[in-house]
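Asks: My structure is in run-v8.txt, and what it holds is compact mmCIF, C-alpha atoms:
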```txt
# COMPACT_ATOMS: atom_id res chain seq x y z
CA MET A 13 -23.27 -7.08 18.44
CA SER A 14 -25.32 -9.72 20.19
CA ILE A 15 -25.94 -13.30 19.13
CA HIS A 16 -29.55 -14.39 18.82
CA ALA A 17 -28.96 -17.76 17.15
CA VAL A 18 -26.18 -20.27 16.63
CA ALA A 19 -24.58 -19.56 13.25
CA ALA A 20 -24.59 -22.43 10.77
CA PRO A 21 -21.21 -23.70 9.53
CA ARG A 22 -20.14 -21.53 6.62
CA ASP A 23 -19.55 -22.97 3.18
CA VAL A 24 -15.97 -23.85 2.31
CA GLN A 25 -14.62 -21.47 -0.34
CA PHE A 26 -11.50 -22.16 -2.36
CA ASN A 27 -9.89 -18.72 -2.18
CA ARG A 28 -10.74 -18.08 1.45
CA ASP A 29 -10.32 -21.52 3.01
CA VAL A 30 -8.54 -23.96 0.67
CA ARG A 31 -5.95 -22.01 -1.32
CA PRO A 32 -4.10 -20.82 1.83
CA ILE A 33 -3.75 -24.44 3.00
CA LEU A 34 -2.50 -25.67 -0.36
CA ALA A 35 -0.16 -22.69 -0.74
CA ASP A 36 1.40 -23.21 2.67
CA LYS A 37 1.53 -26.99 2.78
CA CYS A 38 1.63 -28.21 -0.85
CA PHE A 39 2.74 -25.61 -3.39
CA ALA A 40 6.45 -25.87 -2.53
CA CYS A 41 6.52 -29.26 -4.30
CA HIS A 42 3.27 -29.19 -6.24
CA GLY A 43 2.91 -25.58 -7.35
CA PRO A 44 4.09 -23.06 -9.95
CA ASP A 45 7.84 -23.51 -9.37
CA GLU A 46 8.87 -25.96 -12.10
CA ALA A 47 12.37 -26.41 -10.72
CA HIS A 48 11.08 -27.87 -7.46
CA ARG A 49 7.89 -29.55 -8.69
CA GLU A 50 7.56 -33.27 -7.99
CA ALA A 51 5.52 -36.01 -9.67
CA GLY A 52 4.28 -33.56 -12.32
CA LEU A 53 1.43 -32.63 -9.98
CA ARG A 54 0.22 -29.07 -9.50
CA PHE A 55 -2.41 -28.10 -6.97
CA ASP A 56 -2.49 -24.53 -8.24
CA LEU A 57 -4.00 -25.74 -11.54
CA GLU A 58 -7.39 -27.45 -11.47
CA GLU A 59 -6.68 -29.57 -14.55
CA SER A 60 -3.53 -31.06 -13.03
CA ALA A 61 -5.02 -31.59 -9.58
CA LYS A 62 -7.97 -33.53 -11.01
CA ALA A 63 -6.06 -35.44 -13.70
CA LEU A 64 -4.80 -39.01 -13.36
CA HIS A 65 -1.22 -39.36 -12.16
CA ASP A 66 0.07 -42.94 -12.08
CA GLY A 67 -3.51 -44.17 -12.29
CA ALA A 68 -4.90 -42.04 -9.46
CA ALA A 69 -6.35 -38.54 -9.23
CA ALA A 70 -5.28 -36.30 -6.38
CA ILE A 71 -8.74 -34.75 -6.28
CA VAL A 72 -11.96 -36.52 -7.28
CA PRO A 73 -14.80 -33.99 -6.99
CA GLY A 74 -17.50 -35.17 -4.61
CA GLN A 75 -15.46 -38.16 -3.47
CA PRO A 76 -12.93 -37.32 -0.75
CA ASP A 77 -12.27 -40.97 0.10
CA ALA A 78 -11.37 -41.65 -3.55
CA SER A 79 -9.07 -38.62 -3.69
CA HIS A 80 -5.38 -39.44 -3.43
CA LEU A 81 -4.81 -36.12 -1.68
CA ILE A 82 -6.95 -37.17 1.29
CA THR A 83 -5.35 -40.61 1.32
CA ARG A 84 -1.84 -39.17 1.48
CA ILE A 85 -2.50 -36.51 4.12
CA THR A 86 -4.29 -38.96 6.46
CA THR A 87 -2.23 -42.15 6.10
CA ASP A 88 -0.41 -43.52 9.14
CA ASP A 89 2.49 -44.65 6.97
CA ALA A 90 5.24 -42.09 7.57
CA ASP A 91 6.88 -42.94 4.24
CA LEU A 92 3.70 -42.11 2.31
CA ARG A 93 2.27 -39.27 4.36
CA MET A 94 2.19 -35.83 2.79
CA PRO A 95 3.59 -33.34 3.41
CA PRO A 96 6.71 -35.33 4.36
CA THR A 97 7.16 -35.62 8.10
CA ASP A 98 10.52 -33.84 7.98
CA SER A 99 9.07 -30.80 6.17
CA GLY A 100 7.52 -29.30 9.29
CA LYS A 101 4.33 -28.73 7.29
CA GLU A 102 2.02 -31.33 8.84
CA LEU A 103 -1.65 -30.46 8.37
CA SER A 104 -3.86 -29.89 11.39
CA GLN A 105 -7.07 -31.86 11.77
CA LYS A 106 -9.01 -28.68 11.03
CA GLU A 107 -7.13 -28.22 7.74
CA ILE A 108 -7.74 -31.85 6.79
CA ASP A 109 -11.44 -31.47 7.56
CA THR A 110 -11.57 -28.31 5.42
CA LEU A 111 -10.02 -30.09 2.43
CA ARG A 112 -12.34 -33.04 2.90
CA ARG A 113 -15.43 -30.80 3.00
CA TRP A 114 -14.25 -28.87 -0.05
CA ILE A 115 -13.80 -32.05 -2.09
CA ALA A 116 -17.13 -33.45 -0.87
CA ASP A 117 -18.81 -30.23 -2.03
CA GLY A 118 -17.40 -30.62 -5.54
CA ALA A 119 -13.82 -29.27 -5.23
CA LYS A 120 -14.65 -26.06 -7.06
CA TYR A 121 -11.62 -23.96 -7.97
CA GLU A 122 -11.80 -20.16 -8.17
CA SER A 123 -9.58 -17.61 -9.84
CA HIS A 124 -7.62 -15.62 -7.30
CA TRP A 125 -9.84 -12.74 -6.20
CA SER A 126 -7.17 -10.13 -6.88
CA PHE A 127 -6.96 -11.13 -10.55
CA LEU A 128 -10.69 -10.88 -11.19
CA PRO A 129 -12.08 -7.68 -12.77
CA PRO A 130 -14.05 -5.65 -10.19
CA SER A 131 -17.79 -5.97 -10.57
CA ARG A 132 -20.64 -4.17 -8.85
CA PRO A 133 -22.44 -6.63 -6.58
CA THR A 134 -26.19 -6.72 -6.15
CA VAL A 135 -27.30 -4.87 -3.03
CA PRO A 136 -28.72 -7.52 -0.68
CA GLU A 137 -32.19 -7.45 0.80
CA VAL A 138 -32.39 -7.16 4.58
CA ASP A 139 -35.08 -7.81 7.16
CA ASP A 140 -34.67 -4.51 9.00
CA GLU A 141 -35.16 -1.57 6.62
CA ALA A 142 -34.90 0.97 9.44
CA TRP A 143 -31.25 0.29 10.33
CA PRO A 144 -29.37 0.85 7.04
CA VAL A 145 -28.48 4.43 6.19
CA ASN A 146 -26.89 3.50 2.84
CA ASP A 147 -26.12 0.47 0.69
CA ILE A 148 -22.89 -0.25 2.58
CA ASP A 149 -25.00 -0.73 5.71
CA ARG A 150 -27.15 -3.21 3.81
CA PHE A 151 -24.15 -5.40 3.04
CA ILE A 152 -23.06 -5.26 6.69
CA LEU A 153 -26.54 -6.04 7.98
CA ALA A 154 -27.03 -8.89 5.51
CA ARG A 155 -23.78 -10.51 6.68
CA LEU A 156 -24.73 -10.06 10.33
CA GLN A 157 -28.09 -11.68 9.71
CA ARG A 158 -26.43 -14.55 7.86
CA GLU A 159 -24.18 -15.15 10.87
CA GLY A 160 -27.09 -14.96 13.30
CA LEU A 161 -26.04 -11.59 14.75
CA ARG A 162 -27.73 -8.25 15.34
CA PRO A 163 -26.15 -4.77 15.15
CA SER A 164 -25.12 -3.24 18.45
CA PRO A 165 -27.01 -0.16 19.65
CA GLU A 166 -25.56 3.19 18.59
CA ALA A 167 -22.68 4.24 20.82
CA ASP A 168 -22.98 7.19 23.19
CA ARG A 169 -21.86 10.55 21.84
CA VAL A 170 -18.56 10.65 23.72
CA THR A 171 -17.63 7.30 22.20
CA LEU A 172 -18.77 8.43 18.74
CA ILE A 173 -16.61 11.55 18.66
CA ARG A 174 -13.60 9.64 20.03
CA ARG A 175 -13.95 6.93 17.39
CA LEU A 176 -14.35 9.51 14.65
CA SER A 177 -11.30 11.47 15.74
CA PHE A 178 -9.05 8.42 16.02
CA ASP A 179 -10.27 7.13 12.64
CA LEU A 180 -9.73 10.36 10.70
CA VAL A 181 -6.79 12.10 12.37
CA GLY A 182 -5.31 9.44 14.63
CA LEU A 183 -5.59 11.66 17.70
CA PRO A 184 -8.07 11.90 20.57
CA PRO A 185 -10.50 14.81 20.44
CA SER A 186 -9.90 17.75 22.74
CA ALA A 187 -12.08 18.12 25.83
CA GLU A 188 -13.67 21.18 24.21
CA ASP A 189 -14.54 19.25 21.04
CA VAL A 190 -16.08 16.43 23.07
CA ALA A 191 -18.16 18.82 25.16
CA ALA A 192 -19.36 20.72 22.09
CA PHE A 193 -20.37 17.53 20.27
CA VAL A 194 -22.20 16.07 23.27
CA ALA A 195 -24.12 19.31 23.79
CA ASP A 196 -25.05 19.77 20.12
CA PRO A 197 -28.60 18.45 19.50
CA ASP A 198 -28.49 19.16 15.75
CA PRO A 199 -29.00 15.92 13.73
CA SER A 200 -26.21 17.08 11.39
CA ALA A 201 -23.67 17.44 14.22
CA TYR A 202 -21.90 14.20 13.27
CA GLU A 203 -21.61 15.19 9.60
CA ARG A 204 -20.18 18.57 10.57
CA ALA A 205 -17.65 16.88 12.85
CA VAL A 206 -16.61 14.67 9.91
CA ASP A 207 -16.14 17.71 7.66
CA ARG A 208 -14.11 19.52 10.32
CA LEU A 209 -11.73 16.59 10.79
CA LEU A 210 -11.37 16.02 7.05
CA ALA A 211 -10.26 19.64 6.72
CA SER A 212 -7.64 19.21 9.45
CA PRO A 213 -3.97 18.95 8.40
CA HIS A 214 -3.79 15.95 10.72
CA PHE A 215 -6.09 14.05 8.34
CA GLY A 216 -3.37 14.07 5.67
CA GLU A 217 -0.82 12.87 8.21
CA ARG A 218 -3.08 10.06 9.38
CA MET A 219 -3.84 8.88 5.84
CA ALA A 220 -0.18 9.15 4.79
CA LEU A 221 1.10 6.76 7.45
CA PRO A 222 0.09 3.48 5.73
CA TRP A 223 1.61 4.69 2.45
CA LEU A 224 4.82 5.76 4.16
CA ASP A 225 5.06 2.35 5.81
CA ALA A 226 4.34 0.49 2.56
CA ALA A 227 6.98 2.54 0.72
CA ARG A 228 9.40 1.83 3.61
CA TYR A 229 10.00 5.50 4.35
CA ALA A 230 12.45 6.48 7.08
CA ASP A 231 14.53 9.54 7.85
CA THR A 232 17.61 7.34 8.16
CA SER A 233 19.29 4.92 5.75
CA GLY A 234 18.19 1.83 7.66
CA ILE A 235 21.51 -0.04 7.43
CA HIS A 236 25.08 0.06 8.74
CA MET A 237 25.53 3.40 10.57
CA ASP A 238 21.85 4.24 9.98
CA ALA A 239 22.78 7.83 9.16
CA GLY A 240 20.23 10.50 8.37
CA ARG A 241 19.15 11.17 4.80
CA GLN A 242 17.31 13.98 3.08
CA ILE A 243 14.18 12.26 1.79
CA TRP A 244 11.69 14.37 3.72
CA PRO A 245 10.70 16.37 0.58
CA TRP A 246 8.96 13.23 -0.73
CA ARG A 247 7.18 12.82 2.59
CA ASP A 248 5.94 16.40 2.34
CA TRP A 249 4.86 15.81 -1.27
CA LEU A 250 2.80 12.85 -0.08
CA LEU A 251 1.11 14.94 2.63
CA ARG A 252 0.22 17.63 0.10
CA ALA A 253 -1.08 15.06 -2.39
CA ILE A 254 -3.46 13.61 0.18
CA ARG A 255 -4.59 16.96 1.56
CA ASP A 256 -5.21 18.29 -1.97
CA ASP A 257 -7.06 15.10 -2.97
CA LYS A 258 -4.74 14.45 -5.93
CA PRO A 259 -6.39 12.07 -8.46
CA PHE A 260 -5.12 8.56 -7.87
CA ASP A 261 -3.87 8.02 -11.42
CA ASP A 262 -1.70 11.15 -11.12
CA PHE A 263 -0.66 10.03 -7.63
CA VAL A 264 0.64 6.74 -9.05
CA VAL A 265 2.22 8.04 -12.27
CA GLU A 266 4.12 10.84 -10.57
CA GLN A 267 5.65 8.51 -7.99
CA LEU A 268 6.71 5.93 -10.56
CA ALA A 269 7.75 8.21 -13.42
CA GLY A 270 7.22 11.85 -12.50
CA ASP A 271 10.62 12.82 -13.89
CA LEU A 272 9.69 11.36 -17.30
CA LEU A 273 6.55 13.46 -17.73
CA PRO A 274 6.70 16.24 -20.36
CA ASP A 275 8.04 19.45 -18.79
CA ALA A 276 8.08 17.74 -15.39
CA SER A 277 7.78 20.17 -12.51
CA ILE A 278 9.93 20.09 -9.38
CA ASP A 279 6.90 18.71 -7.54
CA GLN A 280 6.51 15.85 -10.02
CA ARG A 281 10.20 15.05 -9.85
CA THR A 282 10.03 15.08 -6.07
CA ALA A 283 7.24 12.49 -6.21
CA THR A 284 9.72 9.92 -7.53
CA GLY A 285 11.28 9.87 -4.07
CA PHE A 286 8.96 6.89 -3.69
CA LEU A 287 11.55 4.92 -5.66
CA ARG A 288 14.31 5.98 -3.26
CA ALA A 289 12.53 5.30 0.03
CA HIS A 290 14.11 1.87 0.36
CA VAL A 291 17.11 0.95 2.49
CA THR A 292 20.28 2.69 1.27
CA THR A 293 23.92 2.48 2.27
CA ASP A 294 26.60 5.07 2.88
CA GLU A 295 29.15 2.51 4.01
CA GLY A 296 32.59 3.33 2.61
CA GLY A 297 33.40 -0.19 1.47
CA ALA A 298 30.17 -0.70 -0.47
CA ILE A 299 30.57 -1.79 -4.08
CA ASP A 300 28.56 0.55 -6.30
CA GLU A 301 27.58 -2.07 -8.88
CA GLU A 302 26.42 -4.48 -6.18
CA TYR A 303 24.18 -1.93 -4.52
CA LEU A 304 22.70 -0.73 -7.79
CA VAL A 305 21.42 -4.29 -8.16
CA GLU A 306 20.20 -4.39 -4.55
CA TYR A 307 18.38 -1.07 -4.94
CA ALA A 308 16.64 -2.27 -8.10
CA ALA A 309 15.56 -5.40 -6.23
CA GLU A 310 14.24 -3.26 -3.36
CA ARG A 311 12.21 -1.13 -5.77
CA THR A 312 10.82 -4.17 -7.55
CA ALA A 313 9.69 -5.74 -4.28
CA THR A 314 8.16 -2.48 -3.03
CA VAL A 315 6.27 -1.77 -6.25
CA GLY A 316 4.95 -5.32 -6.20
CA SER A 317 3.64 -5.15 -2.65
CA VAL A 318 2.31 -1.58 -2.88
CA PHE A 319 0.63 -1.61 -6.29
CA LEU A 320 0.04 -5.29 -7.01
CA GLY A 321 -0.38 -6.78 -3.56
CA LEU A 322 2.11 -9.51 -4.51
CA THR A 323 5.35 -10.68 -2.93
CA LEU A 324 7.51 -10.25 -6.02
CA GLY A 325 10.70 -10.71 -4.04
CA CYS A 326 10.11 -14.47 -3.92
CA ALA A 327 10.61 -14.67 -7.69
CA ARG A 328 14.06 -13.13 -7.51
CA CYS A 329 15.58 -16.58 -6.96
CA HIS A 330 12.92 -18.94 -8.36
CA ASP A 331 9.45 -19.07 -9.85
CA HIS A 332 6.94 -17.98 -7.22
CA LYS A 333 5.72 -20.79 -5.00
CA TYR A 334 2.05 -19.79 -5.00
CA ASP A 335 1.47 -16.60 -7.03
CA PRO A 336 1.41 -16.82 -10.86
CA LEU A 337 4.81 -15.17 -11.25
CA THR A 338 7.89 -16.57 -12.91
CA GLN A 339 11.50 -15.56 -12.45
CA ASP A 340 11.36 -14.11 -15.96
CA ASP A 341 8.43 -11.90 -14.89
CA TYR A 342 10.46 -10.65 -11.95
CA TYR A 343 13.51 -9.66 -13.98
CA SER A 344 11.38 -8.03 -16.67
CA LEU A 345 10.10 -5.61 -14.03
CA PHE A 346 13.49 -5.47 -12.31
CA ALA A 347 15.02 -4.14 -15.55
CA THR A 348 12.65 -1.17 -15.42
CA PHE A 349 14.18 0.04 -12.17
CA GLY A 350 17.81 -0.80 -12.82
CA GLN A 351 18.73 2.72 -13.96
CA VAL A 352 16.64 4.75 -11.50
```
Please express the file's structure as structure tokens.
Replies:
Amino acid sequence: MSIHAVAAPRDVQFNRDVRPILADKCFACHGPDEAHREAGLRFDLEESAKALHDGAAAIVPGQPDASHLITRITTDDADLRMPPTDSGKELSQKEIDTLRRWIADGAKYESHWSFLPPSRPTVPEVDDEAWPVNDIDRFILARLQREGLRPSPEADRVTLIRRLSFDLVGLPPSAEDVAAFVADPDPSAYERAVDRLLASPHFGERMALPWLDAARYADTSGIHMDAGRQIWPWRDWLLRAIRDDKPFDDFVVEQLAGDLLPDASIDQRTATGFLRAHVTTDEGGAIDEEYLVEYAAERTATVGSVFLGLTLGCARCHDHKYDPLTQDDYYSLFATFGQV
């Protein structure tokens, strides 16, 4: 990509730019956790952030200098400055400027993107109709144009086949495959290379890796003596599921409750190895009841991160500091996995 103009400063967005600052620097004392909340002020709720507290509003839309938030994060008085100087959470000048710009622009709150129902966006118009091959390209090109950038020229064929091979199977192409692709003048050569790699058993292995990591798979117990364990049948189930293009709803249900399905097959029961991929112990002095609790906590945290994209583990000890999760929510889900 090459730059042909200086990009204009982008608009400040709550979810992208502001929420991370508030979550990191403010939510510990002014967020969802009621037990640690101070002054009755919540920055995770728009109504609270913009309401009067002791005669002043933390956020006054359009008026950063009248906003108590800006006053407290910029004051030179160490006793009044927020976050407290001993918290180690002092805001950078860039973060202060971001909050100031956001308030000046109206301090618009947004629902967290992950809790919004998916919607089909309008395909953007672009200046160069020759470059896009499909609608995805149009979104990419529109963003490039908005940032004052142009697409790079198409890569040479050696680079193309190497990128394709690493993307789909995680391995470099053989010298023979490179030579054949470079010498093939057929316009459909790239599509045929894609089909060939998708049919490779290595494609399933490549695509399985992120799921194995997210599920915390390992061939050893991961604690104490780190002895080997026989959980490879679940790994092989995962490889087959990806290679066979198993429907995602079946993929999820079988891993969470395959043994509870009517007339569950061995394959469906094996899928529930997902719930046993966490750290386990074979230490002789381990207390069974204690580790049953720890295993349920491991499963709860893993299910939260894999399927919900949320750090549920934080709510094990207290209401979540920045996600809308209470300790009651955590233990409601925890109870589901207590007898696995």
Asks: Taking 4 positions as the minimum chain separation for residues in the same chain, which residues sit within 9 Å of Thr323 (chain A) when counting all atoms listed in the file? Answer as an MDAnalysis selection string.
Replies: chainID A and resid 313:314 316:317 327 332 335
Asks: Taking (-8.6, -29.9, -1.5) as a centre in this file's frame and 8 Å as the limit, can you find every polymer residue with an atom that close, using all atoms listed in the file, and give them as a list in words?
Replies: Val30, Leu34, Ile71, Leu81, Ile82, Thr110, Leu111, Arg112, Trp114, Ile115 and Ala119 of chain A
Asks: For C-alpha atoms, I'd like the residues from the last selection saved as a tab-separated table (two decimals), keeping the file's coordinate frame.
Replies:
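Everything below was put into out-v5.tsv:
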```tsv
chain	number	residue	atom	x	y	z
A	30	VAL	CA	-8.54	-23.96	0.67
A	34	LEU	CA	-2.50	-25.67	-0.36
A	71	ILE	CA	-8.74	-34.75	-6.28
A	81	LEU	CA	-4.81	-36.12	-1.68
A	82	ILE	CA	-6.95	-37.17	1.29
A	110	THR	CA	-11.57	-28.31	5.42
A	111	LEU	CA	-10.02	-30.09	2.43
A	112	ARG	CA	-12.34	-33.04	2.90
A	114	TRP	CA	-14.25	-28.87	-0.05
A	115	ILE	CA	-13.80	-32.05	-2.09
A	119	ALA	CA	-13.82	-29.27	-5.23
```
Asks: A:His236, A:His330, A:Arg162, A:Arg84: which is nearest Glu102 (chain A), counting only C-alpha atoms?
Replies: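 Going through A:His236, A:His330, A:Arg162, A:Arg84 one by one, the smallest distance to Glu102 (chain A) is for A:Arg84.
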Asks: Using all atoms listed in the file, find the one residue out of A:Asp56, A:Glu217, A:Glu301, A:Asp331 that sits nearest to Ser123 (chain A).
Replies: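 Between A:Asp56, A:Glu217, A:Glu301, A:Asp331, the residue approaching Ser123 (chain A) most closely is A:Asp56.
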Asks: Figure out the distance between CA of Ser79 (chain A) and CA of Asp66 (chain A), please, to one decimal in Å.
Replies: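 Distance between the two atoms: 13.1 Å.
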Asks: So that I can see what lies close to region 242-256 of chain A, please list as JSON, numbers by chain the residues with an atom at most 12 Å from it, counting all atoms listed in the file and leaving out residues fewer than 4 positions away in the same chain.
Replies: {"A": [209, 210, 211, 212, 213, 214, 215, 216, 217, 218, 219, 220, 221, 222, 223, 224, 225, 227, 228, 229, 230, 231, 232, 233, 260, 261, 262, 263, 264, 266, 267, 270, 278, 279, 280, 281, 282, 283, 284, 285, 286, 287, 288, 289, 290, 291, 292]}
Asks: Out of A:Ala61, A:Gln25, A:Val170, A:Leu268, which residue has the shortest atom-to-atom distance to Phe319 (chain A) when counting all atoms listed in the file?
Replies: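 Comparing A:Ala61, A:Gln25, A:Val170, A:Leu268 against Phe319 (chain A), the winner is A:Leu268.
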Asks: Need to verify the contact set: region 183-186 of chain A, 12 Å, all atoms listed in the file, exclusion of same-chain residues closer than 2 positions in sequence. Can you return it as a PyMOL selection string?
Replies: chain A and resi 170-181+188-193+205+208-209+212-215+217-218
Asks: Mind pulling up the distance from CA of Tyr307 (chain A) to CA of Ala47 (chain A)?
Replies: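 Going from CA of Ala47 (chain A) over to CA of Tyr307 (chain A) covers 26.7 Å.
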Asks: Mind pulling up the distance from CA of Thr87 (chain A) to CA of Gln105 (chain A)?
Replies: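 Taking CA of Gln105 (chain A) as the start and CA of Thr87 (chain A) as the end point, the length is 12.7 Å.
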Asks: Using all atoms listed in the file, pick whichever of A:Pro133, A:Gly325, A:Gly182, A:Gly118 has the shortest atom-to-atom distance to Gly74 (chain A).
Replies: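 Nearest to Gly74 (chain A): A:Gly118.
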Asks: Got a sec to check which residues sit within 9 Å of (14.9, -4.4, -8.0), counting only C-alpha atoms, and write them as a list in words?
Replies: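 The requested residues, written out, are Leu304, Val305, Glu306, Tyr307, Ala308, Ala309, Glu310, Arg311, Thr312, Ala313, Thr314, Gly325, Arg328, Tyr342, Tyr343, Leu345, Phe346, Ala347, Thr348, Phe349 and Gly350 of chain A.
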Asks: What's around Asn27 (chain A) at 9 Å? Count all atoms listed in the file, leave out sequence neighbours fewer than 3 positions away in its own chain, and write the answer as a list in words.
Replies: Val30, Arg31, Pro32, Tyr121, Glu122, Ser123, His124 and Trp125 of chain A
Asks: So, with all atoms listed in the file as the atoms that count, which of A:Asp23, A:Gly297, A:Ile235, A:Gly67 lies closest to Glu159 (chain A)?
Replies: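 Distance minimum relative to Glu159 (chain A) lands on A:Asp23.
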Asks: Fewer than 6 positions away in the same chain doesn't count, so skip those; otherwise give me all residues within 12 Å of Ala142 (chain A), counting only C-alpha atoms, as a PyMOL selection string.
Replies: chain A and resi 149-150+153+163
Asks: Keeping C-alpha atoms, export the residues of the selection given above as a PDB file, in the coordinates of the input.
Replies:
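part.pdb written:
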```pdb
ATOM      1  CA  ASP A 149     -25.000  -0.730   5.710  1.00  0.00           C
ATOM      2  CA  ARG A 150     -27.150  -3.210   3.810  1.00  0.00           C
ATOM      3  CA  LEU A 153     -26.540  -6.040   7.980  1.00  0.00           C
ATOM      4  CA  PRO A 163     -26.150  -4.770  15.150  1.00  0.00           C
TER       5      PRO A 163
END
```
Asks: Would you fill the gaps in region 245-259 of chain A so it has N, CA and C atoms, then print it as a PDB file, in the frame of the given file?
Replies:
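Heads up, here's the output in selection37.pdb:
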```
ATOM      1  N   PRO A 245      11.535  15.693   1.588  1.00  0.00           N
ATOM      2  CA  PRO A 245      10.700  16.370   0.580  1.00  0.00           C
ATOM      3  C   PRO A 245       9.649  15.449  -0.044  1.00  0.00           C
ATOM      4  N   TRP A 246       9.977  14.151  -0.212  1.00  0.00           N
ATOM      5  CA  TRP A 246       8.960  13.230  -0.730  1.00  0.00           C
ATOM      6  C   TRP A 246       7.843  13.024   0.281  1.00  0.00           C
ATOM      7  N   ARG A 247       8.210  12.930   1.548  1.00  0.00           N
ATOM      8  CA  ARG A 247       7.180  12.820   2.590  1.00  0.00           C
ATOM      9  C   ARG A 247       6.231  14.005   2.541  1.00  0.00           C
ATOM     10  N   ASP A 248       6.785  15.212   2.402  1.00  0.00           N
ATOM     11  CA  ASP A 248       5.940  16.400   2.340  1.00  0.00           C
ATOM     12  C   ASP A 248       5.099  16.425   1.067  1.00  0.00           C
ATOM     13  N   TRP A 249       5.654  15.930  -0.037  1.00  0.00           N
ATOM     14  CA  TRP A 249       4.860  15.810  -1.270  1.00  0.00           C
ATOM     15  C   TRP A 249       3.660  14.904  -1.042  1.00  0.00           C
ATOM     16  N   LEU A 250       3.884  13.796  -0.353  1.00  0.00           N
ATOM     17  CA  LEU A 250       2.800  12.850  -0.080  1.00  0.00           C
ATOM     18  C   LEU A 250       1.708  13.504   0.766  1.00  0.00           C
ATOM     19  N   LEU A 251       2.099  14.254   1.782  1.00  0.00           N
ATOM     20  CA  LEU A 251       1.110  14.940   2.630  1.00  0.00           C
ATOM     21  C   LEU A 251       0.285  15.920   1.803  1.00  0.00           C
ATOM     22  N   ARG A 252       0.947  16.681   0.941  1.00  0.00           N
ATOM     23  CA  ARG A 252       0.220  17.630   0.100  1.00  0.00           C
ATOM     24  C   ARG A 252      -0.724  16.908  -0.863  1.00  0.00           C
ATOM     25  N   ALA A 253      -0.256  15.804  -1.433  1.00  0.00           N
ATOM     26  CA  ALA A 253      -1.080  15.060  -2.390  1.00  0.00           C
ATOM     27  C   ALA A 253      -2.366  14.574  -1.741  1.00  0.00           C
ATOM     28  N   ILE A 254      -2.263  14.106  -0.513  1.00  0.00           N
ATOM     29  CA  ILE A 254      -3.460  13.610   0.180  1.00  0.00           C
ATOM     30  C   ILE A 254      -4.356  14.762   0.592  1.00  0.00           C
ATOM     31  N   ARG A 255      -3.773  15.815   1.129  1.00  0.00           N
ATOM     32  CA  ARG A 255      -4.590  16.960   1.560  1.00  0.00           C
ATOM     33  C   ARG A 255      -5.291  17.620   0.376  1.00  0.00           C
ATOM     34  N   ASP A 256      -4.630  17.649  -0.778  1.00  0.00           N
ATOM     35  CA  ASP A 256      -5.210  18.290  -1.970  1.00  0.00           C
ATOM     36  C   ASP A 256      -6.087  17.332  -2.772  1.00  0.00           C
ATOM     37  N   ASP A 257      -6.221  16.096  -2.292  1.00  0.00           N
ATOM     38  CA  ASP A 257      -7.060  15.100  -2.970  1.00  0.00           C
ATOM     39  C   ASP A 257      -6.599  14.886  -4.412  1.00  0.00           C
ATOM     40  N   LYS A 258      -5.299  14.678  -4.588  1.00  0.00           N
ATOM     41  CA  LYS A 258      -4.740  14.450  -5.930  1.00  0.00           C
ATOM     42  C   LYS A 258      -5.388  13.204  -6.545  1.00  0.00           C
ATOM     43  N   PRO A 259      -5.821  13.265  -7.807  1.00  0.00           N
ATOM     44  CA  PRO A 259      -6.390  12.070  -8.460  1.00  0.00           C
ATOM     45  C   PRO A 259      -5.429  10.895  -8.376  1.00  0.00           C
TER      46      PRO A 259
END
```
